[in-house]
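Read the structure below first, then the notes.
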Amino acid sequence: MVAAVIGTVTTIAFRSYLYDQADGRLREVAGRAAGPQPTTLLPDPDRGGPASFDGLRLKDPMGFLVGPGAPLGTVGAVLLDGELQTAAVSTEVADDTEGPRYKLRTLDEQQRAALAAVPRDDAPHTAELPGLGSYRVAYAVGVNGTYLVGTPLAEVDDALSTLIVVELSVTGAGLVAASLAGTVLVRIALRPLRRVAATATQVAELPLHSGEPVLHQRVPEADPRTEVGQVGAAINRMLDHVHAALNARQQSETRVRRFVADASHELRTPLASIRGYAELTRRGPEECGPDTRHALGRIESEAVRMTGLVEDLLLLARLDAGRPLDVVETDLSALVVDAVSDARAAGPGHGWRVELPAEPVCVRGDSARLHQVLLNLLGNARAHTPPGTKVTARLRIEGADAAVVDVEDEGPGIPAELLPHVFERFARGDASRSRHAGSTGLGLSIVRAVVAAHGGAASVDSVPGRTTFSVRLPRTQDTSQPDHRLITQA
Ligand SMILES: Nc1ncnc2c1ncn2[C@@H]1O[C@H](COP(=O)(O)OP(=O)(O)OP(=O)(O)O)[C@@H](O)[C@H]1O
Ligand SMILES: [Mg+2]
């Protein structure tokens with residue numbers, strides 16, 4: 001912008017300077033053409049002309065075209081009675097000293113017309129002469145008569161175009177240099193900001209939602225007097241704060257988990273005692289009335305239920321705390337068969353089916369926990385469907401490295417409002433009925449926690465008439481296992 005203004009102003013000033021010079025030259029040539037200014041001797045020079053004043057007249061009225069100070073290409077015309085008479089242009093200077101040192105060429109009609117169109121006043125005008133280019137043209141009145149004189153502007157135009165080219169080149173080069181320098185400077189100035197961005201990206205990729213928070217990333221120190229340095233320092237303070245808050249949350253979670261684990265553990269012994277004493281009393285030699293026997297039976301059954309609940313809570317607390325599993329190479333096919341056998345024994349009213357692939361399916365896992373997963377799923381299929389419902393346990397291989405167990409039943413399905421939360425703790429369909437049936441709502445949360453601890457995932461898909469729970473586990477390739485056949489049991 002500044003370069004454009006400077007360039008324009010310079011060009012205008014230079015142009016007017018060059019035009020002034022050209023006009024000066026023009027006046028000189030015109031003065032020589034027309035001679036001194038008319039005096040009282042020359043009352044009407046327009047009517048005079050070269051023929052009228054023998055004493056002062058030039059031999060060659062167009063001689064001024066090649067005289068000193070008249071550049072090559074000077075145009076001249078003699079006017080008589082306001083009409084253009086002879087009109088010529090100097091075209092070359094001959095080397096031959098014998099002959100004429102100049103050559104004049106008469107102007108053609110178009111060029112004469114262009115000359116005649118120049119306003120007749122004292123001021124010089126710019127005119128475009130066809131075939132000759134632009135000219136500075138002026139009328140000159142003197143003792144020699146009236147002349148129209150024009151000097152070429154080619155040199156002026158050349159000088160102006162050279163100036164404009166130089167200005168544009170210098171401005172262009174300046175802009176390129178300025179943008180390069182600007183880019184380099186901005187890059188250098190923003191380097192600390194890039195470090196801030198890199199730290200923020202690293203922090204954003206950290207798994208902070210669970211587990212022990214590891215948040216040691218900090219923005220490298222930068223000059224605190226700069227804005228970037230202040231941003232970095234503020235981000236570091238924020239990260240310190242977030243780290244402290246995450247630590248506090250983790251500690252509080254750990255305390256709660258330990259409390260639940262300790263409480264569950266502590267409750268196991270008194271519960272076992274209650275169950276034992278109730279059973280002892282009920283079966284003891286002393287006769288007791290039917291009411292007492294009923295009450296003892298209820299004490300026993302509730303103690304059993306509470307023991308199950310406490311065991312579940314303890315297991316969840318341990319899984320939450322990341323207790324290591326007892327991982328061994330486990331034959332999933334055998335586990336499925338065992339679990340379905342157990343389920344068939346517990347629920348003979350249902351129709352149980354097993355589908356196994358031909359090849360062995362092994363996973364690395366805690367077989368007791370995986371057995372519990374299958375029992376929970378099969379137990380749900382039994383507890384939450386009417387007698388006679390068909391239940392299928394299907395083991396299949398998915399891709400190269402996943403084993404999937406589907407437990408599918410043809411029961412009424414999981415209510416739509418419960419489905420998204422079915423894996424959450426204490427999520428139950430019909431709370432009153434379930435509680436009566438000994439349900440706590442922890443079965444599926446244990447399934448999810450155990451499967452996640454094995455690096456797998458549990459999912460559910462349920463519509464009335466078909467509910468499928470799928471447990472996906474990472475599979476190990478073990479060909480030492482005996483071949484399995486597709487077994488279908490009804
Ligand atoms: N196969 C199924 N068909 C219909 N509803 C189901 C099925 N499996 C689970 N549900 C619903 O999901 C709820 C949660 O199941 P979850 O196993 O977590 O708890 P629960 O079976 O009620 O209690 P428990 O802790 O004794 O297993 C159940 O109460 C039941 O409403
Ligand atoms: Mg259950």
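Letters A, B, ... mark the chains of the structure tokens in the order given; residue numbers begin at 1 per chain; ligand numbers begin at 1, in order shown.
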Contacts with ligand 1 at most 6 Å, only C-alpha atoms and all ligand atoms counted, listed as a PyMOL selection string: chain A and resi 380-381+384-385+413-414+422+427-430+434+439-445+467
Spatial neighbours of Leu309 in chain A, 10 Å, only C-alpha atoms, chain gap at least 2 places, as number ranges by chain: A: 264, 303-307, 311-315, 438-443
Atom-to-atom span, CA of Thr476 in chain A and CA of Arg364 in chain A, Å: 6.7 Å
Computed interatomic separation between CA of Arg191 in chain A and CA of Leu239 in chain A (Å):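 The value is 20.6 Å.
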Identify, on the basis of only C-alpha atoms, every residue whose closest approach to range 247-260 of chain A does not exceed 7 Å; exclude the query and any residue fewer than 5 positions from it along the same chain; express the result as a CSV table (one decimal) with N, CA and C atoms, in the first residue's frame.
```csv
chain,number,residue,atom,x,y,z
A,212,GLU,N,-4.9,-44.7,38.0
A,212,GLU,CA,-4.0,-43.7,38.6
A,212,GLU,C,-3.7,-42.6,37.6
A,213,PRO,N,-3.9,-41.3,38.0
A,213,PRO,CA,-3.7,-40.3,37.0
A,213,PRO,C,-2.2,-40.1,36.8
A,317,ALA,N,-15.3,-55.0,43.6
A,317,ALA,CA,-14.3,-54.1,44.2
A,317,ALA,C,-12.9,-54.5,43.8
```
